[in-house]
file coords.cif (mmCIF, C-alpha atoms)
data_final
#
loop_
_atom_site.label_atom_id
_atom_site.label_comp_id
_atom_site.auth_asym_id
_atom_site.auth_seq_id
_atom_site.Cartn_x
_atom_site.Cartn_y
_atom_site.Cartn_z
CA ASP A 1 -1.17 22.05 11.20
CA GLY A 2 -3.58 19.27 10.30
CA GLY A 3 -2.37 16.43 8.22
CA ILE A 4 -1.14 12.89 7.85
CA THR A 5 2.34 11.96 8.96
CA GLN A 6 4.27 8.85 8.10
CA SER A 7 7.51 7.91 9.70
CA PRO A 8 10.22 7.26 8.95
CA LYS A 9 10.62 8.56 5.39
CA TYR A 10 13.24 5.91 4.58
CA LEU A 11 13.53 2.54 6.31
CA PHE A 12 16.06 -0.21 5.84
CA ARG A 13 15.66 -3.72 7.22
CA LYS A 14 17.33 -7.05 6.89
CA GLU A 15 15.49 -9.88 5.21
CA GLY A 16 13.42 -11.92 7.66
CA GLN A 17 12.77 -9.07 10.09
CA ASN A 18 9.34 -7.67 10.81
CA VAL A 19 9.05 -3.90 10.50
CA THR A 20 6.27 -1.49 11.49
CA LEU A 21 5.44 1.65 9.53
CA SER A 22 3.74 4.49 11.33
CA CYS A 23 0.76 6.51 10.10
CA GLU A 24 -0.82 9.23 12.22
CA GLN A 25 -3.52 11.76 11.30
CA ASN A 26 -4.96 14.69 13.23
CA LEU A 27 -7.74 15.39 10.74
CA ASN A 28 -10.37 13.51 12.77
CA HIS A 29 -10.94 11.24 9.79
CA ASP A 30 -12.75 7.96 10.37
CA ALA A 31 -11.33 5.84 7.56
CA MET A 32 -7.68 5.05 6.99
CA TYR A 33 -5.90 3.13 4.24
CA TRP A 34 -2.55 1.56 3.43
CA TYR A 35 -1.29 1.27 -0.14
CA ARG A 36 1.78 -0.20 -1.72
CA GLN A 37 3.32 1.48 -4.76
CA ASP A 38 5.71 -0.24 -7.16
CA PRO A 39 7.05 1.36 -10.37
CA GLY A 40 4.53 1.16 -13.20
CA GLN A 41 1.89 -0.53 -11.04
CA GLY A 42 -0.08 2.34 -9.59
CA LEU A 43 -1.27 1.97 -6.00
CA ARG A 44 -2.55 -1.30 -4.60
CA LEU A 45 -4.64 -1.48 -1.46
CA ILE A 46 -3.19 -3.49 1.42
CA TYR A 47 -5.60 -2.88 4.32
CA TYR A 48 -8.23 -0.36 5.25
CA SER A 49 -10.17 0.60 8.34
CA GLN A 50 -13.51 2.39 8.38
CA ILE A 51 -13.69 2.79 12.18
CA VAL A 52 -11.65 2.14 15.28
CA ASN A 53 -11.10 -1.52 16.18
CA ASP A 54 -12.17 -2.69 12.75
CA PHE A 55 -10.21 -3.27 9.54
CA GLN A 56 -10.49 -5.22 6.30
CA LYS A 57 -8.05 -6.81 3.90
CA GLY A 58 -7.43 -5.11 0.61
CA ASP A 59 -6.18 -6.66 -2.61
CA ILE A 60 -2.68 -7.59 -1.41
CA ALA A 61 -2.94 -8.20 2.35
CA GLU A 62 -0.78 -11.34 2.48
CA GLY A 63 2.34 -10.78 4.54
CA TYR A 64 1.02 -7.63 6.19
CA SER A 65 -0.87 -6.88 9.41
CA VAL A 66 -2.49 -3.77 10.88
CA SER A 67 -4.18 -2.51 14.01
CA ARG A 68 -6.58 0.37 14.66
CA GLU A 69 -6.67 0.93 18.40
CA LYS A 70 -6.97 4.70 18.09
CA LYS A 71 -8.75 6.85 15.56
CA GLU A 72 -5.57 8.80 14.85
CA SER A 73 -3.25 5.86 14.24
CA PHE A 74 -3.11 2.98 11.75
CA PRO A 75 0.28 1.25 11.89
CA LEU A 76 1.25 -1.31 9.25
CA THR A 77 3.53 -4.25 10.03
CA VAL A 78 5.41 -5.82 7.16
CA THR A 79 6.11 -9.38 8.26
CA SER A 80 8.77 -11.81 7.15
CA ALA A 81 6.03 -13.64 5.23
CA GLN A 82 5.88 -10.81 2.68
CA LYS A 83 7.94 -12.15 -0.22
CA ASN A 84 8.94 -8.86 -1.79
CA PRO A 85 8.56 -6.06 0.76
CA THR A 86 10.78 -3.44 -0.88
CA ALA A 87 8.37 -0.72 -2.04
CA PHE A 88 6.98 2.74 -1.37
CA TYR A 89 4.15 2.64 1.20
CA LEU A 90 1.46 5.29 1.34
CA CYS A 91 -1.10 5.92 4.04
CA ALA A 92 -4.33 7.81 3.41
CA SER A 93 -7.40 8.89 5.33
CA ARG A 94 -10.95 9.91 4.49
CA PRO A 95 -13.54 11.77 6.54
CA ARG A 96 -16.97 10.35 7.20
CA GLY A 97 -19.48 12.01 4.91
CA GLY A 98 -16.72 13.61 2.88
CA GLY A 99 -17.34 11.62 -0.25
CA ASP A 100 -14.65 9.35 -1.60
CA THR A 101 -11.72 11.76 -1.56
CA GLN A 102 -8.72 10.34 0.24
CA TYR A 103 -5.88 12.44 1.63
CA PHE A 104 -2.39 11.03 1.50
CA GLY A 105 0.64 11.09 3.71
CA PRO A 106 4.17 11.64 2.35
CA GLY A 107 5.00 7.93 2.21
CA THR A 108 7.69 5.61 3.58
CA ARG A 109 10.22 3.96 1.32
CA LEU A 110 11.09 0.53 2.69
CA THR A 111 14.16 -1.26 1.46
CA VAL A 112 14.85 -4.80 2.57
CA LEU A 113 18.47 -5.79 2.23
CA ALA B 1 -16.31 -4.20 -11.45
CA GLN B 2 -14.81 -0.80 -11.79
CA SER B 3 -11.50 -0.25 -13.56
CA VAL B 4 -9.46 2.59 -14.97
CA THR B 5 -6.99 2.59 -17.85
CA GLN B 6 -4.42 5.28 -18.42
CA LEU B 7 -3.58 5.09 -22.07
CA ASP B 8 -0.03 6.44 -21.90
CA SER B 9 2.63 5.43 -19.41
CA HIS B 10 4.81 8.40 -20.37
CA VAL B 11 4.02 11.75 -21.99
CA SER B 12 6.62 14.34 -22.91
CA VAL B 13 5.79 17.96 -23.80
CA SER B 14 7.68 21.20 -24.19
CA GLU B 15 7.19 24.00 -21.71
CA GLY B 16 4.35 26.27 -22.81
CA THR B 17 2.60 23.61 -24.93
CA PRO B 18 -0.68 21.87 -24.06
CA VAL B 19 -0.87 18.79 -21.88
CA LEU B 20 -3.23 15.87 -22.52
CA LEU B 21 -3.23 12.83 -20.24
CA ARG B 22 -5.76 10.21 -21.27
CA CYS B 23 -7.92 8.06 -19.02
CA ASN B 24 -10.76 5.64 -19.72
CA TYR B 25 -12.88 4.09 -17.01
CA SER B 26 -15.27 1.22 -16.61
CA SER B 27 -18.13 1.38 -14.15
CA SER B 28 -21.65 0.06 -13.93
CA TYR B 29 -22.71 2.91 -11.70
CA SER B 30 -22.28 6.66 -11.67
CA PRO B 31 -18.68 6.85 -10.58
CA SER B 32 -16.68 9.45 -8.79
CA LEU B 33 -13.50 10.11 -10.78
CA PHE B 34 -10.32 11.76 -9.62
CA TRP B 35 -6.94 12.88 -10.84
CA TYR B 36 -4.08 12.84 -8.35
CA VAL B 37 -0.52 14.08 -8.89
CA GLN B 38 2.64 12.70 -7.30
CA HIS B 39 6.01 14.38 -7.34
CA PRO B 40 9.04 12.12 -6.85
CA ASN B 41 9.18 10.44 -3.44
CA LYS B 42 6.13 12.36 -2.25
CA GLY B 43 2.56 11.52 -1.36
CA LEU B 44 -0.38 12.03 -3.70
CA GLN B 45 -2.12 15.38 -4.03
CA LEU B 46 -5.68 15.73 -5.30
CA LEU B 47 -5.84 17.72 -8.56
CA LEU B 48 -9.56 17.50 -9.19
CA LYS B 49 -12.67 15.39 -8.67
CA TYR B 50 -15.79 14.65 -10.71
CA THR B 51 -19.01 13.81 -8.87
CA SER B 52 -21.71 14.41 -11.52
CA ALA B 53 -22.29 18.08 -10.72
CA ALA B 54 -20.62 19.33 -13.91
CA THR B 55 -18.92 17.46 -16.72
CA LEU B 56 -16.04 19.94 -16.97
CA VAL B 57 -14.10 19.96 -13.75
CA LYS B 58 -11.50 22.59 -12.92
CA GLY B 59 -8.68 21.69 -10.60
CA ILE B 60 -5.60 23.22 -9.10
CA ASN B 61 -2.61 24.59 -11.03
CA GLY B 62 -4.64 25.23 -14.20
CA PHE B 63 -5.61 21.60 -14.83
CA GLU B 64 -9.06 20.54 -15.88
CA ALA B 65 -10.78 17.34 -16.94
CA GLU B 66 -13.91 16.57 -18.89
CA PHE B 67 -16.20 13.67 -18.07
CA LYS B 68 -17.58 12.08 -21.24
CA LYS B 69 -19.99 9.30 -20.43
CA SER B 70 -20.49 8.25 -24.06
CA GLU B 71 -16.74 7.72 -24.42
CA THR B 72 -16.18 6.55 -20.81
CA SER B 73 -13.30 9.00 -20.67
CA PHE B 74 -11.95 11.48 -18.16
CA HIS B 75 -8.94 13.07 -19.83
CA LEU B 76 -6.79 15.61 -18.00
CA THR B 77 -5.69 18.76 -19.81
CA LYS B 78 -3.76 21.95 -19.24
CA PRO B 79 -3.36 24.69 -21.86
CA SER B 80 0.27 25.45 -21.16
CA ALA B 81 2.76 23.17 -19.41
CA HIS B 82 5.14 24.46 -16.78
CA MET B 83 8.36 22.82 -15.67
CA SER B 84 6.85 22.28 -12.23
CA ASP B 85 4.14 20.08 -13.80
CA ALA B 86 6.66 17.29 -14.31
CA ALA B 87 5.34 14.48 -12.11
CA GLU B 88 3.34 11.28 -12.20
CA TYR B 89 -0.44 11.55 -12.61
CA PHE B 90 -2.98 8.98 -11.54
CA CYS B 91 -6.54 8.60 -12.79
CA VAL B 92 -8.73 7.08 -10.09
CA VAL B 93 -12.28 5.76 -9.90
CA SER B 94 -14.31 5.12 -6.77
CA GLU B 95 -15.22 1.55 -6.03
CA GLU B 96 -18.96 1.11 -5.82
CA ASN B 97 -21.55 -1.61 -5.74
CA TYR B 98 -25.31 -1.78 -5.51
CA GLY B 99 -25.04 -0.59 -1.93
CA GLY B 100 -23.33 2.62 -2.94
CA SER B 101 -19.81 3.81 -2.48
CA GLN B 102 -17.62 1.96 -0.02
CA GLY B 103 -15.04 4.72 -0.07
CA ASN B 104 -12.34 2.61 -1.69
CA LEU B 105 -10.47 3.85 -4.74
CA ILE B 106 -9.13 2.05 -7.80
CA PHE B 107 -5.99 3.54 -9.31
CA GLY B 108 -4.69 3.57 -12.83
CA LYS B 109 -1.07 2.63 -13.36
CA GLY B 110 -0.03 6.25 -13.76
CA THR B 111 1.28 8.54 -16.49
CA LYS B 112 4.67 10.13 -16.05
CA LEU B 113 4.72 13.65 -17.48
CA SER B 114 8.03 15.11 -18.58
CA VAL B 115 8.33 18.79 -19.46
CA LYS B 116 11.20 19.90 -21.67
CA PRO B 117 12.54 23.46 -21.48
#

call {"tool": "encode", "arguments": {"input": "coords.cif", "output": "structure tokens"}}
result
Amino acid sequence: DGGITQSPKYLFRKEGQNVTLSCEQNLNHDAMYWYRQDPGQGLRLIYYSQIVNDFQKGDIAEGYSVSREKKESFPLTVTSAQKNPTAFYLCASRPRGGGDTQYFGPGTRLTVL
Amino acid sequence: AQSVTQLDSHVSVSEGTPVLLRCNYSSSYSPSLFWYVQHPNKGLQLLLKYTSAATLVKGINGFEAEFKKSETSFHLTKPSAHMSDAAEYFCVVSEENYGGSQGNLIFGKGTKLSVKP
């Protein structure tokens, strides 16, 4: 089955620890995105990558880092510099030439204790 | 700059009655507009998309939306609500500039739809 997978579904970490969220897609999509979702705030863009080995900051990149070493994978690291990391994180991808439609993974809920 | 405003944070309807979720957008260009649905603790699923081919767009699960340029609106409707429609709905506009679409999306804050039996 083709799709976008995010793991784990639920993640708990202690304050001050870095944590990496996984996003993998087997759709052969070129672009990938990370969003943060908080109640009543919609989705806010953290980072995006249009091609391998290239990525750009979104609206709320501070305290986060990413890499794009493979087309299929776009992991997000939530660093200790992120002041309020508890949130629902969504990964999405978009094919080249497929218009603007993005396809979303199931999300990871991160709770920092 | 593009923006999207969802006029209601919460809408409650009875099963079998019509659904109306309101969305206004702001864009200097010809935007692509979307409605996505999110069930609790799940990812987002595309309901429908407008790309200037037709002003009335039909989506999945009986939903449709009408693009009205004069009103800068893209309201989502369904003739008869079902219990399974209870979810959060997001109106989304594509981010564009003079160079064309960059592929990024701008999300509204969401409308939570409740369906009463």

call {"tool": "closest_atom_pairs", "arguments": {"input": "coords.cif", "of": "chain B", "to": "chain A", "cutoff": "12 Å", "atoms": "all atoms listed in the file", "output": "Markdown table"}}
result
| residue | atom | partner | partner_atom | distance |
| --- | --- | --- | --- | --- |
| B:Val4 | CA | A:Gly42 | CA | 10.8 |
| B:Thr5 | CA | A:Gly42 | CA | 10.8 |
| B:Gln6 | CA | A:Gly42 | CA | 10.3 |
| B:Asp8 | CA | A:Gly40 | CA | 11.2 |
| B:Ser9 | CA | A:Gly40 | CA | 7.8 |
| B:His10 | CA | A:Gly40 | CA | 10.2 |
| B:Pro31 | CA | A:Asp100 | CA | 10.2 |
| B:Ser32 | CA | A:Asp100 | CA | 7.5 |
| B:Leu33 | CA | A:Asp100 | CA | 9.3 |
| B:Phe34 | CA | A:Thr101 | CA | 8.2 |
| B:Trp35 | CA | A:Thr101 | CA | 10.5 |
| B:Tyr36 | CA | A:Gln102 | CA | 10.1 |
| B:Val37 | CA | A:Phe104 | CA | 11.0 |
| B:Gln38 | CA | A:Pro106 | CA | 9.8 |
| B:His39 | CA | A:Pro106 | CA | 10.2 |
| B:Pro40 | CA | A:Pro106 | CA | 10.4 |
| B:Asn41 | CA | A:Gly107 | CA | 7.5 |
| B:Lys42 | CA | A:Pro106 | CA | 5.1 |
| B:Gly43 | CA | A:Pro106 | CA | 4.0 |
| B:Leu44 | CA | A:Phe104 | CA | 5.7 |
| B:Gln45 | CA | A:Phe104 | CA | 7.0 |
| B:Leu46 | CA | A:Tyr103 | CA | 7.7 |
| B:Leu47 | CA | A:Thr101 | CA | 10.9 |
| B:Leu48 | CA | A:Thr101 | CA | 9.8 |
| B:Lys49 | CA | A:Thr101 | CA | 8.0 |
| B:Tyr50 | CA | A:Thr101 | CA | 10.4 |
| B:Thr51 | CA | A:Gly99 | CA | 9.0 |
| B:Glu88 | CA | A:Gly42 | CA | 9.9 |
| B:Tyr89 | CA | A:Gly42 | CA | 9.7 |
| B:Phe90 | CA | A:Gly42 | CA | 7.5 |
| B:Cys91 | CA | A:Gly42 | CA | 9.5 |
| B:Val92 | CA | A:Gly42 | CA | 9.9 |
| B:Val93 | CA | A:Asp100 | CA | 9.3 |
| B:Ser94 | CA | A:Asp100 | CA | 6.7 |
| B:Glu95 | CA | A:Asp100 | CA | 9.0 |
| B:Glu96 | CA | A:Asp100 | CA | 10.2 |
| B:Gly100 | CA | A:Asp100 | CA | 11.1 |
| B:Ser101 | CA | A:Asp100 | CA | 7.6 |
| B:Gln102 | CA | A:Asp100 | CA | 8.1 |
| B:Gly103 | CA | A:Asp100 | CA | 4.9 |
| B:Asn104 | CA | A:Asp100 | CA | 7.1 |
| B:Leu105 | CA | A:Asp100 | CA | 7.6 |
| B:Ile106 | CA | A:Arg44 | CA | 8.0 |
| B:Phe107 | CA | A:Leu43 | CA | 6.0 |
| B:Gly108 | CA | A:Gly42 | CA | 5.8 |
| B:Lys109 | CA | A:Gly42 | CA | 3.9 |
| B:Gly110 | CA | A:Gly42 | CA | 5.7 |
| B:Thr111 | CA | A:Gly40 | CA | 8.7 |
| B:Lys112 | CA | A:Gly40 | CA | 9.4 |

call {"tool": "write_last_selection", "arguments": {"input": "coords.cif", "atoms": "C-alpha atoms", "output": "compact mmCIF listing (two decimals), in the coordinates of the input"}}
result
# COMPACT_ATOMS: atom_id res chain seq x y z
CA VAL B 4 -9.46 2.59 -14.97
CA THR B 5 -6.99 2.59 -17.85
CA GLN B 6 -4.42 5.28 -18.42
CA ASP B 8 -0.03 6.44 -21.90
CA SER B 9 2.63 5.43 -19.41
CA HIS B 10 4.81 8.40 -20.37
CA PRO B 31 -18.68 6.85 -10.58
CA SER B 32 -16.68 9.45 -8.79
CA LEU B 33 -13.50 10.11 -10.78
CA PHE B 34 -10.32 11.76 -9.62
CA TRP B 35 -6.94 12.88 -10.84
CA TYR B 36 -4.08 12.84 -8.35
CA VAL B 37 -0.52 14.08 -8.89
CA GLN B 38 2.64 12.70 -7.30
CA HIS B 39 6.01 14.38 -7.34
CA PRO B 40 9.04 12.12 -6.85
CA ASN B 41 9.18 10.44 -3.44
CA LYS B 42 6.13 12.36 -2.25
CA GLY B 43 2.56 11.52 -1.36
CA LEU B 44 -0.38 12.03 -3.70
CA GLN B 45 -2.12 15.38 -4.03
CA LEU B 46 -5.68 15.73 -5.30
CA LEU B 47 -5.84 17.72 -8.56
CA LEU B 48 -9.56 17.50 -9.19
CA LYS B 49 -12.67 15.39 -8.67
CA TYR B 50 -15.79 14.65 -10.71
CA THR B 51 -19.01 13.81 -8.87
CA GLU B 88 3.34 11.28 -12.20
CA TYR B 89 -0.44 11.55 -12.61
CA PHE B 90 -2.98 8.98 -11.54
CA CYS B 91 -6.54 8.60 -12.79
CA VAL B 92 -8.73 7.08 -10.09
CA VAL B 93 -12.28 5.76 -9.90
CA SER B 94 -14.31 5.12 -6.77
CA GLU B 95 -15.22 1.55 -6.03
CA GLU B 96 -18.96 1.11 -5.82
CA GLY B 100 -23.33 2.62 -2.94
CA SER B 101 -19.81 3.81 -2.48
CA GLN B 102 -17.62 1.96 -0.02
CA GLY B 103 -15.04 4.72 -0.07
CA ASN B 104 -12.34 2.61 -1.69
CA LEU B 105 -10.47 3.85 -4.74
CA ILE B 106 -9.13 2.05 -7.80
CA PHE B 107 -5.99 3.54 -9.31
CA GLY B 108 -4.69 3.57 -12.83
CA LYS B 109 -1.07 2.63 -13.36
CA GLY B 110 -0.03 6.25 -13.76
CA THR B 111 1.28 8.54 -16.49
CA LYS B 112 4.67 10.13 -16.05

call {"tool": "residues_around", "arguments": {"input": "coords.cif", "residues": "stretch 63-74 of chain A", "least_positions_apart": "6", "cutoff": "9 Å", "atoms": "only C-alpha atoms", "output": "list in words"}}
result
Leu21, Ser22, Cys23, Glu24, Gln25, Asn26, Leu27, Asn28, His29, Asp30, Ala31, Met32, Tyr33, Trp34, Ile46, Tyr47, Tyr48, Ser49, Ile51, Val52, Asn53, Asp54, Phe55, Ser80, Ala81, Gln82, Lys83, Pro85 and Cys91 of chain A

call {"tool": "atom_distance", "arguments": {"input": "coords.cif", "atom1": "atom CA of B:His82", "atom2": "atom CA of B:Glu15"}}
result
5.4 Å

call {"tool": "axis_aligned_box", "arguments": {"input": "coords.cif", "around": "stretch 78-90 of chain A", "padding_each_side": "4 Å", "output": "JSON"}}
result
{"center_x": 6.1, "center_y": -4.2, "center_z": 3.1, "size_x": 17.3, "size_y": 26.9, "size_z": 18.3}

call {"tool": "atom_distance", "arguments": {"input": "coords.cif", "atom1": "atom CA of B:Asn61", "atom2": "atom CA of B:Asn24"}}
result
22.4 Å

call {"tool": "resolve_selection", "arguments": {"input": "coords.cif", "expression": "the PyMOL selection byres ((chain A and resi 112) around 6)", "output": "PDB file with C-alpha atoms, keeping the file's coordinate frame"}}
result
ATOM      1  CA  PHE A  12      16.060  -0.210   5.840  1.00  0.00           C
ATOM      2  CA  ARG A  13      15.660  -3.720   7.220  1.00  0.00           C
ATOM      3  CA  LYS A  14      17.330  -7.050   6.890  1.00  0.00           C
ATOM      4  CA  GLU A  15      15.490  -9.880   5.210  1.00  0.00           C
ATOM      5  CA  THR A  86      10.780  -3.440  -0.880  1.00  0.00           C
ATOM      6  CA  THR A 111      14.160  -1.260   1.460  1.00  0.00           C
ATOM      7  CA  LEU A 113      18.470  -5.790   2.230  1.00  0.00           C
TER       8      LEU A 113
END

call {"tool": "atom_distance", "arguments": {"input": "coords.cif", "atom1": "atom CA of B:Val19", "atom2": "atom CA of B:Ile60"}}
result
14.3 Å

call {"tool": "closest_residue", "arguments": {"input": "coords.cif", "among": "A:Ala61, A:Ile4, A:Leu110, A:Val19", "to": "A:Thr79", "atoms": "only C-alpha atoms"}}
result
A:Val19

call {"tool": "residues_near_point", "arguments": {"input": "coords.cif", "point": "(-5.8, 23.7, -24.5)", "cutoff": "9 Å", "atoms": "only C-alpha atoms", "output": "PDB file with C-alpha atoms, in the coordinates of the input"}}
result
ATOM      1  CA  THR B  17       2.600  23.610 -24.930  1.00  0.00           C
ATOM      2  CA  PRO B  18      -0.680  21.870 -24.060  1.00  0.00           C
ATOM      3  CA  VAL B  19      -0.870  18.790 -21.880  1.00  0.00           C
ATOM      4  CA  LEU B  20      -3.230  15.870 -22.520  1.00  0.00           C
ATOM      5  CA  THR B  77      -5.690  18.760 -19.810  1.00  0.00           C
ATOM      6  CA  LYS B  78      -3.760  21.950 -19.240  1.00  0.00           C
ATOM      7  CA  PRO B  79      -3.360  24.690 -21.860  1.00  0.00           C
ATOM      8  CA  SER B  80       0.270  25.450 -21.160  1.00  0.00           C
TER       9      SER B  80
END

call {"tool": "build_atoms", "arguments": {"input": "coords.cif", "residues": "stretch 95-104 of chain A", "atoms": "all heavy atoms", "output": "PDB file, keeping the file's coordinate frame"}}
result
ATOM      1  N   PRO A  95     -12.564  11.415   5.503  1.00  0.00           N
ATOM      2  CA  PRO A  95     -13.540  11.770   6.540  1.00  0.00           C
ATOM      3  C   PRO A  95     -14.877  11.090   6.298  1.00  0.00           C
ATOM      4  O   PRO A  95     -15.237  10.786   5.163  1.00  0.00           O
ATOM      5  CB  PRO A  95     -13.673  13.285   6.385  1.00  0.00           C
ATOM      6  CG  PRO A  95     -13.363  13.528   4.949  1.00  0.00           C
ATOM      7  CD  PRO A  95     -12.339  12.504   4.561  1.00  0.00           C
ATOM      8  N   ARG A  96     -15.620  10.874   7.352  1.00  0.00           N
ATOM      9  CA  ARG A  96     -16.970  10.350   7.200  1.00  0.00           C
ATOM     10  C   ARG A  96     -17.831  11.427   6.560  1.00  0.00           C
ATOM     11  O   ARG A  96     -17.762  12.578   6.935  1.00  0.00           O
ATOM     12  CB  ARG A  96     -17.553   9.996   8.571  1.00  0.00           C
ATOM     13  CG  ARG A  96     -18.961   9.395   8.483  1.00  0.00           C
ATOM     14  CD  ARG A  96     -19.599   9.279   9.842  1.00  0.00           C
ATOM     15  NE  ARG A  96     -18.842   8.461  10.744  1.00  0.00           N
ATOM     16  CZ  ARG A  96     -19.239   8.175  11.990  1.00  0.00           C
ATOM     17  NH1 ARG A  96     -20.392   8.639  12.426  1.00  0.00           N
ATOM     18  NH2 ARG A  96     -18.498   7.436  12.776  1.00  0.00           N
ATOM     19  N   GLY A  97     -18.598  11.056   5.572  1.00  0.00           N
ATOM     20  CA  GLY A  97     -19.480  12.010   4.910  1.00  0.00           C
ATOM     21  C   GLY A  97     -18.766  12.972   3.989  1.00  0.00           C
ATOM     22  O   GLY A  97     -19.350  13.936   3.513  1.00  0.00           O
ATOM     23  N   GLY A  98     -17.489  12.710   3.734  1.00  0.00           N
ATOM     24  CA  GLY A  98     -16.720  13.610   2.880  1.00  0.00           C
ATOM     25  C   GLY A  98     -16.583  13.113   1.466  1.00  0.00           C
ATOM     26  O   GLY A  98     -15.684  13.553   0.746  1.00  0.00           O
ATOM     27  N   GLY A  99     -17.475  12.204   1.074  1.00  0.00           N
ATOM     28  CA  GLY A  99     -17.340  11.620  -0.250  1.00  0.00           C
ATOM     29  C   GLY A  99     -16.201  10.632  -0.259  1.00  0.00           C
ATOM     30  O   GLY A  99     -15.810  10.079   0.764  1.00  0.00           O
ATOM     31  N   ASP A 100     -15.660  10.382  -1.454  1.00  0.00           N
ATOM     32  CA  ASP A 100     -14.650   9.350  -1.600  1.00  0.00           C
ATOM     33  C   ASP A 100     -13.234   9.890  -1.599  1.00  0.00           C
ATOM     34  O   ASP A 100     -12.287   9.121  -1.722  1.00  0.00           O
ATOM     35  CB  ASP A 100     -14.885   8.598  -2.917  1.00  0.00           C
ATOM     36  CG  ASP A 100     -16.260   7.977  -2.959  1.00  0.00           C
ATOM     37  OD1 ASP A 100     -16.733   7.539  -1.904  1.00  0.00           O
ATOM     38  OD2 ASP A 100     -16.855   7.953  -4.045  1.00  0.00           O
ATOM     39  N   THR A 101     -13.060  11.181  -1.471  1.00  0.00           N
ATOM     40  CA  THR A 101     -11.720  11.760  -1.560  1.00  0.00           C
ATOM     41  C   THR A 101     -10.853  11.266  -0.414  1.00  0.00           C
ATOM     42  O   THR A 101     -11.244  11.349   0.753  1.00  0.00           O
ATOM     43  CB  THR A 101     -11.787  13.288  -1.518  1.00  0.00           C
ATOM     44  OG1 THR A 101     -12.646  13.742  -2.566  1.00  0.00           O
ATOM     45  CG2 THR A 101     -10.406  13.886  -1.690  1.00  0.00           C
ATOM     46  N   GLN A 102      -9.694  10.759  -0.761  1.00  0.00           N
ATOM     47  CA  GLN A 102      -8.720  10.340   0.240  1.00  0.00           C
ATOM     48  C   GLN A 102      -7.547  11.324   0.237  1.00  0.00           C
ATOM     49  O   GLN A 102      -7.168  11.859  -0.797  1.00  0.00           O
ATOM     50  CB  GLN A 102      -8.223   8.923  -0.051  1.00  0.00           C
ATOM     51  CG  GLN A 102      -9.319   7.881   0.115  1.00  0.00           C
ATOM     52  CD  GLN A 102      -8.831   6.471  -0.124  1.00  0.00           C
ATOM     53  OE1 GLN A 102      -7.630   6.192  -0.127  1.00  0.00           O
ATOM     54  NE2 GLN A 102      -9.762   5.549  -0.318  1.00  0.00           N
ATOM     55  N   TYR A 103      -6.985  11.513   1.437  1.00  0.00           N
ATOM     56  CA  TYR A 103      -5.880  12.440   1.630  1.00  0.00           C
ATOM     57  C   TYR A 103      -4.664  11.629   2.040  1.00  0.00           C
ATOM     58  O   TYR A 103      -4.744  10.814   2.955  1.00  0.00           O
ATOM     59  CB  TYR A 103      -6.254  13.482   2.679  1.00  0.00           C
ATOM     60  CG  TYR A 103      -7.454  14.284   2.260  1.00  0.00           C
ATOM     61  CD1 TYR A 103      -8.751  13.838   2.544  1.00  0.00           C
ATOM     62  CD2 TYR A 103      -7.319  15.459   1.528  1.00  0.00           C
ATOM     63  CE1 TYR A 103      -9.865  14.540   2.123  1.00  0.00           C
ATOM     64  CE2 TYR A 103      -8.428  16.173   1.104  1.00  0.00           C
ATOM     65  CZ  TYR A 103      -9.692  15.700   1.400  1.00  0.00           C
ATOM     66  OH  TYR A 103     -10.797  16.406   0.981  1.00  0.00           O
ATOM     67  N   PHE A 104      -3.538  11.893   1.372  1.00  0.00           N
ATOM     68  CA  PHE A 104      -2.390  11.030   1.500  1.00  0.00           C
ATOM     69  C   PHE A 104      -1.284  11.626   2.355  1.00  0.00           C
ATOM     70  O   PHE A 104      -1.058  12.836   2.371  1.00  0.00           O
ATOM     71  CB  PHE A 104      -1.815  10.717   0.111  1.00  0.00           C
ATOM     72  CG  PHE A 104      -2.642   9.726  -0.645  1.00  0.00           C
ATOM     73  CD1 PHE A 104      -3.791  10.117  -1.321  1.00  0.00           C
ATOM     74  CD2 PHE A 104      -2.296   8.386  -0.655  1.00  0.00           C
ATOM     75  CE1 PHE A 104      -4.573   9.198  -1.996  1.00  0.00           C
ATOM     76  CE2 PHE A 104      -3.063   7.454  -1.335  1.00  0.00           C
ATOM     77  CZ  PHE A 104      -4.202   7.859  -2.007  1.00  0.00           C
TER      78      PHE A 104
END
